[in-house]
Structure formats: structure tokens, C-alpha cells
Amino acid sequence: RNKITHYVLYAHNIQQLFDGVLSNHVDGILENQLDLQSTSSDVTIPIMDLKKHIQDRAASILPTLVDIRRQIHQNPELSFQEHETAALVEKELQSLGLKTHRLANTGVVAIIEGKNPNTKVVGLRADMDALPMDEDTDLDFKSTIAGAMHACGHDTHVAMLVQAAHLLVARRDDLVGKVLFMFQPGEEGHGGAAIMLDEGILESTGGVDLAFAI
């Protein structure tokens with residue numbers, strides 16, 4: 001489980017979610033969330049080959065991840081004003097064939113259903129709002145919005161979770177249960193999570209067995 005926790009802490013190692021499942025054979029909920037053998041190609045793929053496939057896929061979409069992060073960084077939006085960010089997230093998720101819906105006005109939710117979707121549910125959450133401050137840097141993708149800056153990494157968090165969706169959709173046939181994606185607005189002291197809970201985010205999957213928040 002320690003390796004899985006690293007996924008929450010380090011943006012560039014998203015595949016460690018799978019490392020924990022595949023390498024450590026973690027007990028309880030997670031040991032059944034991802035099949036240890038893949039049969040999606042009519043042949044069994046050894047665990048290490050599946051791990052390498054995931055890592056290679058993550059590397060192949062890294063340029064897209066960087067582009068998404070920089071788009072969001074250039075266009076930071078304050079709490080409950082994350083309209084463009086939410087629209088970008090919806091576009092990416094819908095391009096993967098996922099249905100999205102809104103909570104808390106600018107919050108975005110999507111669900112991946114694997115095999116036996118009525119079993120366990122894992123939730124993945126990222127925050128989206130920027131801070132009310134000017135950006136004083138020379139970056140070519142610096143904020144273009146006066147009085148708003150992604151100084152707390154939420155732009156990266158959103159891009160990470162979008163990448164997680166890409167990786168998990170690609171291995172959907174190897175998943176057991178459901179994965180709930182939660183893109184939360186209003187994290188910077190505005191109670192966005194509480195609003196999403198009050199509006200029934202957990203009821204959309206009948207509850208969550210385990211959650212990771214970036």
C-alpha cells in the first residue's frame with residue numbers, strides 16, 4: 001500500500017498505482033481491483049509485461065499531459081469559477097467514451113466500469129481551483145489572468161487525473177469493479193468537497209471502498 005500512496009504524492013509516477021497492485025499483491029480491496037493476469041487479448045499477459053505496457057502507455061501520452069497542465073496553468077480559475085477547466089476535463093473524458101456529469105456547478109464526475117462493476121469501488125480525486133495571486137515568473141506558459149495563479153499545483157493534479165483516466169480506460173478489461181473520478185472545485189478554503197458530498201457524489205456508485213486524493 002505504500003507504493004500506491006506514492007501515486008497520490010508524485011505526479012510523474014502515476015503508474016505506481018499499478019505497481020502496488022501488480023508487484024505487492026496487496027490484500028483486501030485492492031488485490032481484486034486489477035486482475036493480476038490480463039486476458040483482454042485472448043491470451044494471458046504476464047504481470048511484468050502488463051506493468052511495462054502501462055508504463056509505456058503513460059510515457060506515450062506524457063506530451064498530452066504536459067499540454068493539458070500548461071493550458072490550465074495559463075488560464076487559472078478561482079474557486080467555483082473553474083468553468084474552462086471543467087470544460088477541458090469533460091472534453092478529455094468524453095473523448096475516452098466516458099459519461100460525465102457536474103456537481104457543485106463546476107465539479108466534474110465520471111465512472112469507469114470494469115468487470116463485475118457491482119463489486120468494489122475506488123475513488124480518485126483531484127482539485128481544480130487556483131489561488132488569488134499574481135504570477136511573477138518568466139515561464140512561457142505563465143498565468144494570463146491577473147490576480148490568479150496555480151501556485152499550489154492543482155493544474156498538475158487535474159492533468160494527472162486525466163492521465164489516470166487514459167491509462168485505466170486502456171486497461172478497462174483488466175479492472176474489477178468501478179473507478180470513480182472526482183474533479184473537485186473550491187478546494188482552497190471554500191468547502192467544495194462537502195458540497196459534492198451533499199449533492200450525492202458517493203451515491204452515484206453506491207459508496208466508495210477506497211479513495212486517493214491528490
# chains A, B, ... in the order shown; residues from 1 in each chain; ligands from 1

$ closest_atom_pairs --of "segment 110-151 of chain A" --to "segment 157-167 of chain A" --cutoff "12 Å" --atoms "only C-alpha atoms" --output "JSON lines"
{"residue": "A:Ala110", "atom": "CA", "partner": "A:Ala165", "partner_atom": "CA", "distance": 9.3}
{"residue": "A:Ile111", "atom": "CA", "partner": "A:Ala165", "partner_atom": "CA", "distance": 9.4}
{"residue": "A:Ile112", "atom": "CA", "partner": "A:Ala165", "partner_atom": "CA", "distance": 8.3}
{"residue": "A:Glu113", "atom": "CA", "partner": "A:Ala165", "partner_atom": "CA", "distance": 11.7}
{"residue": "A:Gly123", "atom": "CA", "partner": "A:Leu161", "partner_atom": "CA", "distance": 11.0}
{"residue": "A:Leu124", "atom": "CA", "partner": "A:Leu161", "partner_atom": "CA", "distance": 7.4}
{"residue": "A:Arg125", "atom": "CA", "partner": "A:Leu161", "partner_atom": "CA", "distance": 7.4}
{"residue": "A:Ala126", "atom": "CA", "partner": "A:His157", "partner_atom": "CA", "distance": 5.5}
{"residue": "A:Asp127", "atom": "CA", "partner": "A:His157", "partner_atom": "CA", "distance": 6.6}
{"residue": "A:Met128", "atom": "CA", "partner": "A:Val158", "partner_atom": "CA", "distance": 6.3}
{"residue": "A:Asp129", "atom": "CA", "partner": "A:Val158", "partner_atom": "CA", "distance": 9.7}
{"residue": "A:Ala130", "atom": "CA", "partner": "A:His157", "partner_atom": "CA", "distance": 11.5}
{"residue": "A:His150", "atom": "CA", "partner": "A:His157", "partner_atom": "CA", "distance": 10.6}
{"residue": "A:Ala151", "atom": "CA", "partner": "A:His157", "partner_atom": "CA", "distance": 11.9}

$ residues_around --residues "Asp209 of chain A" --least-positions-apart "4" --cutoff "9 Å" --atoms "only C-alpha atoms" --output "number ranges by chain"
A: 29, 120-123

$ write_last_selection --atoms "N, CA, C and O atoms" --output "compact mmCIF listing (two decimals), in the first residue's frame"
# COMPACT_ATOMS: atom_id res chain seq x y z
N ILE A 29 -9.23 -4.89 -0.46
CA ILE A 29 -9.94 -4.28 -1.59
C ILE A 29 -9.11 -4.30 -2.85
O ILE A 29 -9.57 -4.68 -3.92
N LYS A 120 -16.21 -3.85 -5.89
CA LYS A 120 -15.54 -2.76 -5.18
C LYS A 120 -15.45 -1.48 -6.01
O LYS A 120 -15.44 -1.51 -7.24
N VAL A 121 -15.35 -0.34 -5.31
CA VAL A 121 -15.22 0.97 -5.94
C VAL A 121 -14.01 1.70 -5.37
O VAL A 121 -13.87 1.81 -4.15
N VAL A 122 -13.15 2.18 -6.26
CA VAL A 122 -12.02 3.03 -5.86
C VAL A 122 -12.26 4.43 -6.39
O VAL A 122 -12.63 4.62 -7.56
N GLY A 123 -12.09 5.43 -5.53
CA GLY A 123 -12.27 6.82 -5.92
C GLY A 123 -10.94 7.52 -6.10
O GLY A 123 -10.02 7.32 -5.30

$ atom_distance --atom1 "atom CA of Asp155 of chain A" --atom2 "atom CA of Gly207 of chain A"
27.1 Å

$ closest_residue --among "A:Ala193, A:Glu188, A:Ala148, A:Val169" --to "Gln94 of chain A" --atoms "only C-alpha atoms"
A:Val169

$ select_by_dssp --residues "segment 168-197 of chain A" --states "strand (DSSP E)" --output "PDB file with all heavy atoms, in the first residue's frame"
ATOM      1  N   LYS A 178     -15.417  -0.664 -10.048  1.00  0.00           N
ATOM      2  CA  LYS A 178     -15.553   0.648 -10.659  1.00  0.00           C
ATOM      3  C   LYS A 178     -14.450   1.582 -10.162  1.00  0.00           C
ATOM      4  O   LYS A 178     -13.917   1.410  -9.073  1.00  0.00           O
ATOM      5  CB  LYS A 178     -16.905   1.270 -10.303  1.00  0.00           C
ATOM      6  CG  LYS A 178     -18.120   0.500 -10.761  1.00  0.00           C
ATOM      7  CD  LYS A 178     -19.391   1.179 -10.267  1.00  0.00           C
ATOM      8  CE  LYS A 178     -20.625   0.360 -10.628  1.00  0.00           C
ATOM      9  NZ  LYS A 178     -21.858   0.969 -10.059  1.00  0.00           N
ATOM     10  N   VAL A 179     -14.160   2.590 -10.991  1.00  0.00           N
ATOM     11  CA  VAL A 179     -13.287   3.693 -10.590  1.00  0.00           C
ATOM     12  C   VAL A 179     -14.089   4.978 -10.738  1.00  0.00           C
ATOM     13  O   VAL A 179     -14.623   5.271 -11.813  1.00  0.00           O
ATOM     14  CB  VAL A 179     -12.006   3.766 -11.437  1.00  0.00           C
ATOM     15  CG1 VAL A 179     -11.144   4.944 -10.982  1.00  0.00           C
ATOM     16  CG2 VAL A 179     -11.219   2.460 -11.328  1.00  0.00           C
ATOM     17  N   LEU A 180     -14.177   5.728  -9.647  1.00  0.00           N
ATOM     18  CA  LEU A 180     -14.912   6.993  -9.630  1.00  0.00           C
ATOM     19  C   LEU A 180     -13.918   8.152  -9.707  1.00  0.00           C
ATOM     20  O   LEU A 180     -13.051   8.300  -8.847  1.00  0.00           O
ATOM     21  CB  LEU A 180     -15.733   7.100  -8.344  1.00  0.00           C
ATOM     22  CG  LEU A 180     -16.422   8.440  -8.058  1.00  0.00           C
ATOM     23  CD1 LEU A 180     -17.484   8.726  -9.120  1.00  0.00           C
ATOM     24  CD2 LEU A 180     -17.043   8.427  -6.658  1.00  0.00           C
ATOM     25  N   PHE A 181     -14.037   8.961 -10.764  1.00  0.00           N
ATOM     26  CA  PHE A 181     -13.172  10.132 -10.934  1.00  0.00           C
ATOM     27  C   PHE A 181     -13.896  11.367 -10.417  1.00  0.00           C
ATOM     28  O   PHE A 181     -15.029  11.662 -10.826  1.00  0.00           O
ATOM     29  CB  PHE A 181     -12.815  10.320 -12.410  1.00  0.00           C
ATOM     30  CG  PHE A 181     -11.892   9.265 -12.935  1.00  0.00           C
ATOM     31  CD1 PHE A 181     -12.405   8.106 -13.496  1.00  0.00           C
ATOM     32  CD2 PHE A 181     -10.517   9.423 -12.852  1.00  0.00           C
ATOM     33  CE1 PHE A 181     -11.551   7.114 -13.963  1.00  0.00           C
ATOM     34  CE2 PHE A 181      -9.659   8.442 -13.321  1.00  0.00           C
ATOM     35  CZ  PHE A 181     -10.177   7.290 -13.880  1.00  0.00           C
ATOM     36  N   MET A 182     -13.222  12.107  -9.550  1.00  0.00           N
ATOM     37  CA  MET A 182     -13.824  13.278  -8.915  1.00  0.00           C
ATOM     38  C   MET A 182     -12.907  14.480  -9.115  1.00  0.00           C
ATOM     39  O   MET A 182     -11.822  14.545  -8.537  1.00  0.00           O
ATOM     40  CB  MET A 182     -14.026  13.015  -7.423  1.00  0.00           C
ATOM     41  CG  MET A 182     -14.873  11.791  -7.116  1.00  0.00           C
ATOM     42  SD  MET A 182     -14.867  11.314  -5.365  1.00  0.00           S
ATOM     43  CE  MET A 182     -13.284  10.451  -5.253  1.00  0.00           C
ATOM     44  N   PHE A 183     -13.331  15.426  -9.940  1.00  0.00           N
ATOM     45  CA  PHE A 183     -12.596  16.670 -10.155  1.00  0.00           C
ATOM     46  C   PHE A 183     -13.299  17.749  -9.331  1.00  0.00           C
ATOM     47  O   PHE A 183     -14.388  18.200  -9.675  1.00  0.00           O
ATOM     48  CB  PHE A 183     -12.569  17.026 -11.637  1.00  0.00           C
ATOM     49  CG  PHE A 183     -11.754  16.078 -12.471  1.00  0.00           C
ATOM     50  CD1 PHE A 183     -12.315  14.892 -12.932  1.00  0.00           C
ATOM     51  CD2 PHE A 183     -10.426  16.352 -12.789  1.00  0.00           C
ATOM     52  CE1 PHE A 183     -11.569  14.001 -13.704  1.00  0.00           C
ATOM     53  CE2 PHE A 183      -9.674  15.476 -13.552  1.00  0.00           C
ATOM     54  CZ  PHE A 183     -10.240  14.290 -14.012  1.00  0.00           C
ATOM     55  N   GLN A 184     -12.662  18.138  -8.237  1.00  0.00           N
ATOM     56  CA  GLN A 184     -13.312  18.968  -7.223  1.00  0.00           C
ATOM     57  C   GLN A 184     -13.013  20.451  -7.383  1.00  0.00           C
ATOM     58  O   GLN A 184     -11.853  20.852  -7.457  1.00  0.00           O
ATOM     59  CB  GLN A 184     -12.854  18.524  -5.836  1.00  0.00           C
ATOM     60  CG  GLN A 184     -13.442  19.355  -4.712  1.00  0.00           C
ATOM     61  CD  GLN A 184     -12.621  19.300  -3.447  1.00  0.00           C
ATOM     62  OE1 GLN A 184     -12.124  18.238  -3.071  1.00  0.00           O
ATOM     63  NE2 GLN A 184     -12.478  20.433  -2.775  1.00  0.00           N
TER      64      GLN A 184
END

$ select_by_dssp --residues "segment 50-132 of chain A" --states "helix (DSSP H, G or I)" --output "JSON, numbers by chain"
{"A": [50, 51, 52, 53, 54, 55, 56, 57, 58, 59, 60, 62, 63, 64, 65, 66, 67, 68, 69, 70, 71, 72, 73, 74, 83, 84, 85, 86, 87, 88, 89, 90, 91, 92, 93, 94, 95]}

$ closest_residue --among "A:His83, A:His190, A:His73, A:His53" --to "Arg102 of chain A" --atoms "only C-alpha atoms"
A:His83

$ atom_distance --atom1 "atom CA of Gln81 of chain A" --atom2 "atom CA of Lys142 of chain A"
18.9 Å

$ residues_around --residues "Asn116 of chain A" --least-positions-apart "5" --cutoff "10 Å" --atoms "only C-alpha atoms" --output "list in words"
Leu175, Val176, Gly177 and Lys178 of chain A

$ closest_residue --among "A:Leu168, A:Ile61, A:Ile214, A:Val108" --to "Phe80 of chain A" --atoms "only C-alpha atoms"
A:Val108

$ residues_around --residues "Ile54 of chain A" --least-positions-apart "3" --cutoff "7 Å" --atoms "only C-alpha atoms" --output "ChimeraX atom specification"
/A:15,50-51,57-58,167

$ atom_distance --atom1 "atom CA of Gly153 of chain A" --atom2 "atom CA of Glu90 of chain A"
19.7 Å
